[in-house]
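So the structure is just underneath, and the comments pick up after that.
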Protein chains: 2
Amino acid sequence: MRTLSPPVGLPALADTDLVGQVARLLTQAVVEGRLAPGSKVVEAGIARELGVSRAPVREAARLLEQQGLLVASPRRGFFVRKFAADDIDDIYDLRLCVERHAAVLAARNLTPETRDMLRRQIDVLHQTADLEDPARQVEEDYRFHRLICEIAANRRLLRLFDDLASEMRMVIGLIGRLYDDPHEIARTHEPVLAAIEQGHPERIVAHIDYHIGHAWREVGKLVREIPA
Amino acid sequence: MRTLSPPVGLPALADTDLVGQVARLLTQAVVEGRLAPGSKVVEAGIARELGVSRAPVREAARLLEQQGLLVASPRRGFFVRKFAADDIDDIYDLRLCVERHAAVLAARNLTPETRDMLRRQIDVLHQTADLEDPARQVEEDYRFHRLICEIAANRRLLRLFDDLASEMRMVIGLIGRLYDDPHEIARTHEPVLAAIEQGHPERIVAHIDYHIGHAWREVGKLVREIPA
DNA sequence: TAAGCGTCGATTGTCGACAGTTTAGTCTTG
DNA sequence: CAAGACTAAACTGTCGACAATCGACGCTTA
């Protein structure tokens with residue numbers, strides 16, 4: 001018999017997890033470009049600014065390093081990741097690999113509810129297209145793709161997507177503007193959903209390839225325009 | 001002019017890096033089963049045993065957490081990851097996704113030299129099959145698959161493979177024995193290489209699917225036999 | 001007897017400090 | 001005037017310490 005109190009879904013109150021908070025703030029600063037690519041991240045500086053000691057900052061920095069937002073140089077410190085054209089290709093190539101797979105799995109697991117979630121997210125994309133809020137638009141875009149990964153129901157796949165997404169956000173952030181008309185971006189999601197609904201693997205992959213390949217080309221173009 | 005050297009930081013040689021050493025030792029202890037799955041990893045204990053302070057141990061543990069070998073429970077510490085059947089499926093599913101892609105890319109990039117490297121590695125597999133050294137056999141097996149990822153020439157893909165590999169090593173380690181006859185395992189690599197040499201994407205994917213699917217089924221079977 | 005409460009040891013989260021290394025700035029020298 | 005050596009400041013890597021928290025054990029109570 002269980003002696004533990006009944007699992008009345010209490011939301012596991014927010015851990016005052018200092019490392020997690022620092023990591024989140026650092027991530028924001030990086031993807032928003034407040035910390036310029038290539039610049040040094042001084043532990044003591046961040047610590048002083050946040051009013052904490054260096055230990056949590058170090059651990060948070062290691063997390064961001066593993067995520068690819070920072071690079072560590074022994075005895076010299078952490079630096080904000082600098083993206084070259086090759087990096088863009090690596091990231092989008094892997095993204096393609098991951099999302100193809102996720103989309104096929106998602107089609108297999110698709111239920112009426114999950115289908116509606118995807119449809120609704122496309123509606124949100126159209127709505128936010130009218131707003132003048134690029135950050136929000138990028139966020140809602142990723143939310144659609146993340147949904148697909150959630151539906152695919154592979155936790156590791158989802159975590160991988162999140163890691164890739166934070167890198168892509170950083171790239172988008174340093175471009176400074178969207179790579180295409182928001183309405184156009186919203187529209188190009190519809191064939192992807194349609195393919196997932198229909199369910200033929202080859203068709204799904206083809207549409208994912210087209211959709212992500214488009215973003216890949218556009219982002220690549222813009223990054224090459226603004227070399228470091 | 002920037003005086004800081006470019007943070008390209010690939011060379012990363014000569015680790016007197018304490019964190020890295022601790023991480024390596026901890027990883028070994030975990031994949032070799034010296035630290036049982038589910039058991040608590042006491043920071044102070046590890047630190048005392050290694051003759052260092054807790055700070056490097058904490059950072060190393062965070063690395064292993066990000067790699068999936070440990071799980072962190074706030075205010076309670078780190079625990080050695082416990083694998084359920086679902087986890088096996090997640091891992092092998094993602095591995096399939098990654099290696100399919102890597103193999104297709106590798107075929108595209110294949111040169112006479114890289115082709116010979118793969119052939120030689122299969123020879124090594126046959127040679128080590130005669131030795132009574134399962135750990136070595138597992139290692140050489142992964143080396144073949146890692147080679148494919150190296151030839152694919154996507155650094156992020158390679159890192160992902162390494163992360164997956166450390167988890168798979170842990171699973172194999174806790175099974176305690178190989179999932180198949182070493183000679184048989186060595187032999188089943190040959191069609192994969194042949195497909196890569198020939199170059200038709202569908203054929204490559206089919207052979208990768210067969211090869212990894214076989215391991216997936218066998219490992220899954222054994223893991224289900226030995227439930228936690 | 002079994003469930004709930006309180007206490008105590010063990011462990012984590014965080015901090016400030018120190019030593020060794022890297023970096024920036026200055027001075028010397030060809 | 002440029003290149004190199006030297007010095008001082010800044011920063012990282014590591015450590016030991018302290019307070020807060022967790023888990024286990026034993027005690028009370030219905």
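Residue numbering restarts at 1 in every chain; chains get A, B, ... in the order shown in the structure tokens, and ligands count up from 1 in that same order.
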
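Taking every C-alpha atom in order, chain B superposes onto chain A with an RMSD of 2.7 Å.
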
Hey, list the chain A side of the contact with chain D: 8 Å cut-off, only C-alpha atoms (C1' of nucleotides), answer as an MDAnalysis selection string. chainID A and resid 42 75:77

Would you save the residues from that selection as a PDB file, in the first residue's frame, using C-alpha atoms?
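The resulting result_16.pdb:
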```
ATOM      1  CA  VAL A  42      33.319  36.619 -17.822  1.00  0.00           C
ATOM      2  CA  ARG A  75      42.003  28.556 -18.823  1.00  0.00           C
ATOM      3  CA  ARG A  76      40.615  31.294 -21.029  1.00  0.00           C
ATOM      4  CA  GLY A  77      36.943  31.078 -20.347  1.00  0.00           C
TER       5      GLY A  77
END
```

What are the residues of chain C lining chain A at 12 Å or less? Count only C-alpha atoms (C1' of nucleotides), and put the answer as an mmCIF file with N, CA, C and O atoms (P, O5', C5', C4', C3', O3' and C1' of nucleotides), in the first residue's frame.
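New file out24.cif:
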```cif
data_model
loop_
_atom_site.group_PDB
_atom_site.id
_atom_site.type_symbol
_atom_site.label_atom_id
_atom_site.label_comp_id
_atom_site.auth_asym_id
_atom_site.auth_seq_id
_atom_site.Cartn_x
_atom_site.Cartn_y
_atom_site.Cartn_z
ATOM 1 P P DA C 2 1.168 -3.847 11.366
ATOM 2 O "O5'" DA C 2 0.717 -2.430 10.786
ATOM 3 C "C5'" DA C 2 -0.665 -2.110 10.810
ATOM 4 C "C4'" DA C 2 -0.834 -0.600 10.828
ATOM 5 C "C3'" DA C 2 0.097 0.151 9.878
ATOM 6 O "O3'" DA C 2 -0.632 1.167 9.212
ATOM 7 C "C1'" DA C 2 0.354 0.989 12.054
ATOM 8 P P DA C 3 -0.137 1.746 7.808
ATOM 9 O "O5'" DA C 3 -0.368 3.314 8.022
ATOM 10 C "C5'" DA C 3 -1.597 3.746 8.572
ATOM 11 C "C4'" DA C 3 -1.376 5.012 9.370
ATOM 12 C "C3'" DA C 3 -0.552 6.073 8.626
ATOM 13 O "O3'" DA C 3 -1.246 7.313 8.646
ATOM 14 C "C1'" DA C 3 0.326 5.715 10.800
ATOM 15 P P DG C 4 -0.763 8.589 7.836
ATOM 16 O "O5'" DG C 4 -0.166 9.537 8.970
ATOM 17 C "C5'" DG C 4 -1.005 9.979 10.022
ATOM 18 C "C4'" DG C 4 -0.184 10.666 11.087
ATOM 19 C "C3'" DG C 4 0.695 11.814 10.569
ATOM 20 O "O3'" DG C 4 0.540 12.934 11.417
ATOM 21 C "C1'" DG C 4 2.014 10.290 11.800
ATOM 22 P P DG C 13 22.162 20.243 -5.425
ATOM 23 O "O5'" DG C 13 22.308 21.704 -4.813
ATOM 24 C "C5'" DG C 13 21.178 22.292 -4.221
ATOM 25 C "C4'" DG C 13 21.507 23.685 -3.719
ATOM 26 C "C3'" DG C 13 22.165 24.597 -4.768
ATOM 27 O "O3'" DG C 13 21.553 25.874 -4.702
ATOM 28 C "C1'" DG C 13 23.552 24.426 -2.843
ATOM 29 P P DT C 14 21.943 27.027 -5.777
ATOM 30 O "O5'" DT C 14 23.031 27.899 -5.015
ATOM 31 C "C5'" DT C 14 22.717 28.430 -3.740
ATOM 32 C "C4'" DT C 14 23.964 28.925 -3.044
ATOM 33 C "C3'" DT C 14 24.867 29.832 -3.892
ATOM 34 O "O3'" DT C 14 24.659 31.178 -3.471
ATOM 35 C "C1'" DT C 14 26.104 28.326 -2.495
ATOM 36 P P DC C 15 25.399 32.376 -4.216
ATOM 37 O "O5'" DC C 15 26.665 32.597 -3.277
ATOM 38 C "C5'" DC C 15 26.470 32.683 -1.868
ATOM 39 C "C4'" DC C 15 27.790 32.555 -1.144
ATOM 40 C "C3'" DC C 15 28.889 33.478 -1.676
ATOM 41 O "O3'" DC C 15 29.100 34.554 -0.779
ATOM 42 C "C1'" DC C 15 29.696 31.244 -1.189
ATOM 43 P P DG C 16 29.805 35.891 -1.261
ATOM 44 O "O5'" DG C 16 31.303 35.682 -0.764
ATOM 45 C "C5'" DG C 16 31.546 35.433 0.620
ATOM 46 C "C4'" DG C 16 32.969 34.954 0.829
ATOM 47 C "C3'" DG C 16 34.055 35.861 0.221
ATOM 48 O "O3'" DG C 16 35.092 36.054 1.181
ATOM 49 C "C1'" DG C 16 34.292 33.635 -0.589
ATOM 50 P P DG C 20 50.935 28.524 -6.946
ATOM 51 O "O5'" DG C 20 50.461 28.521 -8.478
ATOM 52 C "C5'" DG C 20 49.618 27.465 -8.932
ATOM 53 C "C4'" DG C 20 49.069 27.808 -10.307
ATOM 54 C "C3'" DG C 20 50.134 28.281 -11.308
ATOM 55 O "O3'" DG C 20 49.907 27.639 -12.555
ATOM 56 C "C1'" DG C 20 48.416 29.915 -11.132
ATOM 57 P P DT C 21 50.929 27.916 -13.778
ATOM 58 O "O5'" DT C 21 49.993 28.656 -14.835
ATOM 59 C "C5'" DT C 21 48.696 28.117 -15.110
ATOM 60 C "C4'" DT C 21 47.870 29.132 -15.869
ATOM 61 C "C3'" DT C 21 48.542 29.720 -17.113
ATOM 62 O "O3'" DT C 21 47.663 29.549 -18.214
ATOM 63 C "C1'" DT C 21 47.678 31.451 -15.753
ATOM 64 P P DT C 22 48.209 29.749 -19.714
ATOM 65 O "O5'" DT C 22 47.403 31.048 -20.210
ATOM 66 C "C5'" DT C 22 46.000 31.068 -20.090
ATOM 67 C "C4'" DT C 22 45.496 32.497 -20.081
ATOM 68 C "C3'" DT C 22 45.896 33.331 -21.306
ATOM 69 O "O3'" DT C 22 44.735 33.844 -21.909
ATOM 70 C "C1'" DT C 22 46.316 34.530 -19.304
ATOM 71 P P DT C 23 44.834 34.577 -23.329
ATOM 72 O "O5'" DT C 23 44.728 36.121 -22.924
ATOM 73 C "C5'" DT C 23 43.648 36.548 -22.104
ATOM 74 C "C4'" DT C 23 43.856 38.000 -21.693
ATOM 75 C "C3'" DT C 23 44.238 38.944 -22.832
ATOM 76 O "O3'" DT C 23 43.381 40.073 -22.816
ATOM 77 C "C1'" DT C 23 45.736 39.205 -21.009
#
```

Residue hits in chain B, query chain A, radius 7 Å, only C-alpha atoms, as an NGL selection string: :B and (7 or 9 or 59 or 90 or 94 or 97 or 101 or 154 or 156-157)

Can I get the selection written as a compact mmCIF listing (two decimals), in the first residue's frame, with all heavy atoms?
```
# COMPACT_ATOMS: atom_id res chain seq x y z
N PRO B 7 37.75 31.78 -31.17
CA PRO B 7 37.25 30.68 -30.34
C PRO B 7 36.84 29.47 -31.17
O PRO B 7 35.90 28.78 -30.85
CB PRO B 7 36.04 31.30 -29.65
CG PRO B 7 35.58 32.35 -30.60
CD PRO B 7 36.78 32.86 -31.30
N GLY B 9 38.55 26.97 -31.31
CA GLY B 9 38.87 26.01 -30.26
C GLY B 9 38.70 24.54 -30.56
O GLY B 9 38.31 23.79 -29.69
N GLU B 59 30.51 19.60 -11.67
CA GLU B 59 30.47 19.98 -13.08
C GLU B 59 30.51 18.75 -13.98
O GLU B 59 29.81 18.68 -15.00
CB GLU B 59 31.62 20.94 -13.40
CG GLU B 59 31.50 22.26 -12.66
CD GLU B 59 32.48 23.30 -13.16
OE1 GLU B 59 33.02 23.15 -14.26
OE2 GLU B 59 32.71 24.30 -12.43
N ASP B 90 13.45 4.39 -27.53
CA ASP B 90 13.75 5.77 -27.89
C ASP B 90 15.15 5.89 -28.46
O ASP B 90 15.38 6.51 -29.50
CB ASP B 90 13.63 6.68 -26.66
CG ASP B 90 12.17 7.02 -26.36
OD1 ASP B 90 11.29 6.48 -27.05
OD2 ASP B 90 11.93 7.82 -25.45
N LEU B 94 16.14 6.71 -32.38
CA LEU B 94 16.90 7.89 -32.77
C LEU B 94 18.20 7.49 -33.46
O LEU B 94 18.64 8.13 -34.42
CB LEU B 94 17.20 8.74 -31.53
CG LEU B 94 17.81 10.11 -31.80
CD1 LEU B 94 16.98 10.89 -32.81
CD2 LEU B 94 17.94 10.90 -30.51
N CYS B 97 17.46 6.82 -37.00
CA CYS B 97 17.28 8.10 -37.70
C CYS B 97 18.63 8.71 -38.05
O CYS B 97 18.87 9.14 -39.17
CB CYS B 97 16.46 9.03 -36.81
SG CYS B 97 16.51 10.76 -37.26
N HIS B 101 20.74 8.72 -41.99
CA HIS B 101 21.18 9.97 -42.58
C HIS B 101 22.68 9.98 -42.78
O HIS B 101 23.18 10.36 -43.85
CB HIS B 101 20.75 11.12 -41.66
CG HIS B 101 20.82 12.46 -42.29
ND1 HIS B 101 19.98 12.86 -43.31
CD2 HIS B 101 21.63 13.52 -42.04
CE1 HIS B 101 20.27 14.09 -43.66
NE2 HIS B 101 21.26 14.52 -42.92
N ASN B 154 29.51 15.93 -40.61
CA ASN B 154 28.66 16.90 -39.92
C ASN B 154 28.99 16.77 -38.44
O ASN B 154 28.66 15.78 -37.80
CB ASN B 154 27.18 16.61 -40.19
CG ASN B 154 26.26 17.59 -39.49
OD1 ASN B 154 26.59 18.13 -38.43
ND2 ASN B 154 25.12 17.83 -40.09
N ARG B 156 27.99 18.12 -35.77
CA ARG B 156 26.89 17.98 -34.81
C ARG B 156 26.33 16.56 -34.83
O ARG B 156 25.98 15.98 -33.81
CB ARG B 156 25.80 18.98 -35.13
CG ARG B 156 24.93 19.36 -33.97
CD ARG B 156 24.20 20.61 -34.37
NE ARG B 156 25.17 21.46 -35.06
CZ ARG B 156 25.89 22.36 -34.45
NH1 ARG B 156 25.72 22.54 -33.17
NH2 ARG B 156 26.76 23.07 -35.12
N LEU B 157 26.24 16.03 -36.01
CA LEU B 157 25.78 14.65 -36.16
C LEU B 157 26.71 13.70 -35.40
O LEU B 157 26.26 12.79 -34.70
CB LEU B 157 25.76 14.28 -37.64
CG LEU B 157 25.19 12.93 -38.03
CD1 LEU B 157 23.68 13.00 -38.08
CD2 LEU B 157 25.74 12.50 -39.38
```

As a check of understanding: the span from CA of Gly173 (chain A) to CA of Val30 (chain A) is 8.8 Å

Those in chain A with helix (DSSP H, G or I) from DSSP, as JSON, numbers by chain: {"A": [18, 19, 20, 21, 22, 23, 24, 25, 26, 27, 28, 29, 30, 31, 43, 44, 45, 46, 47, 48, 49, 50, 54, 55, 56, 57, 58, 59, 60, 61, 62, 63, 64, 65, 66, 67, 85, 86, 87, 88, 89, 90, 91, 92, 93, 94, 95, 96, 97, 98, 99, 100, 101, 102, 103, 104, 105, 106, 107, 108, 109, 112, 113, 114, 115, 116, 117, 118, 119, 120, 121, 122, 123, 124, 125, 126, 127, 128, 129, 130, 134, 135, 136, 137, 138, 139, 140, 141, 142, 143, 144, 145, 146, 147, 148, 149, 150, 151, 152, 155, 156, 157, 158, 159, 160, 161, 162, 163, 164, 165, 166, 167, 168, 169, 170, 171, 172, 173, 174, 175, 182, 183, 184, 185, 186, 187, 190, 191, 192, 193, 194, 195, 196, 197, 198, 201, 202, 203, 204, 205, 206, 207, 208, 209, 210, 211, 212, 213, 214, 215, 216, 217, 218, 219, 220, 221, 222, 223, 224, 225]}

Name the residues in contact with region 120-135 of chain B at a cut-off of 8 Å, using only C-alpha atoms (C1' of nucleotides), excluding same-chain residues fewer than 2 positions from it; report them as a PDB file with C-alpha atoms, in the first residue's frame.
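Once written, selection.pdb looks like this:
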```pdb
ATOM      1  CA  ASP B 116      39.465   1.577 -47.116  1.00  0.00           C
ATOM      2  CA  MET B 117      39.102   2.808 -43.553  1.00  0.00           C
ATOM      3  CA  LEU B 118      35.684   1.208 -43.374  1.00  0.00           C
ATOM      4  CA  GLN B 137      34.201  -5.969 -29.433  1.00  0.00           C
ATOM      5  CA  VAL B 138      31.544  -3.425 -28.526  1.00  0.00           C
ATOM      6  CA  GLU B 139      34.112  -0.673 -28.854  1.00  0.00           C
ATOM      7  CA  GLU B 140      35.248  -1.740 -32.306  1.00  0.00           C
ATOM      8  CA  ASP B 141      31.650  -2.126 -33.403  1.00  0.00           C
ATOM      9  CA  ARG B 143      34.111   2.567 -34.101  1.00  0.00           C
ATOM     10  CA  PHE B 144      32.780   1.329 -37.431  1.00  0.00           C
ATOM     11  CA  ARG B 177      26.997 -10.038 -22.442  1.00  0.00           C
ATOM     12  CA  LEU B 178      26.887  -9.538 -26.160  1.00  0.00           C
ATOM     13  CA  PRO B 182      30.778 -11.738 -32.471  1.00  0.00           C
ATOM     14  CA  HIS B 183      31.543 -13.319 -35.822  1.00  0.00           C
ATOM     15  CA  ALA B 186      31.139  -8.694 -37.784  1.00  0.00           C
ATOM     16  CA  ARG B 187      29.608 -10.307 -40.850  1.00  0.00           C
ATOM     17  CA  HIS B 189      28.481  -5.071 -41.253  1.00  0.00           C
ATOM     18  CA  GLU B 190      29.530  -6.100 -44.725  1.00  0.00           C
TER      19      GLU B 190
END
```

Residue set, chain B restricted to strand (DSSP E or B), as an NGL selection string: :B and (40-41 or 70-73 or 77-80)

Write out as a list of chain:residue names each polymer residue whose atoms come within 10 Å of His214 (chain B), counting only C-alpha atoms (C1' of nucleotides); drop sequence neighbours fewer than 5 positions from it. B:Tyr179, B:Asp180, B:Ile185, B:Thr188, B:Ile208, B:Asp209, B:Val219, B:Gly220
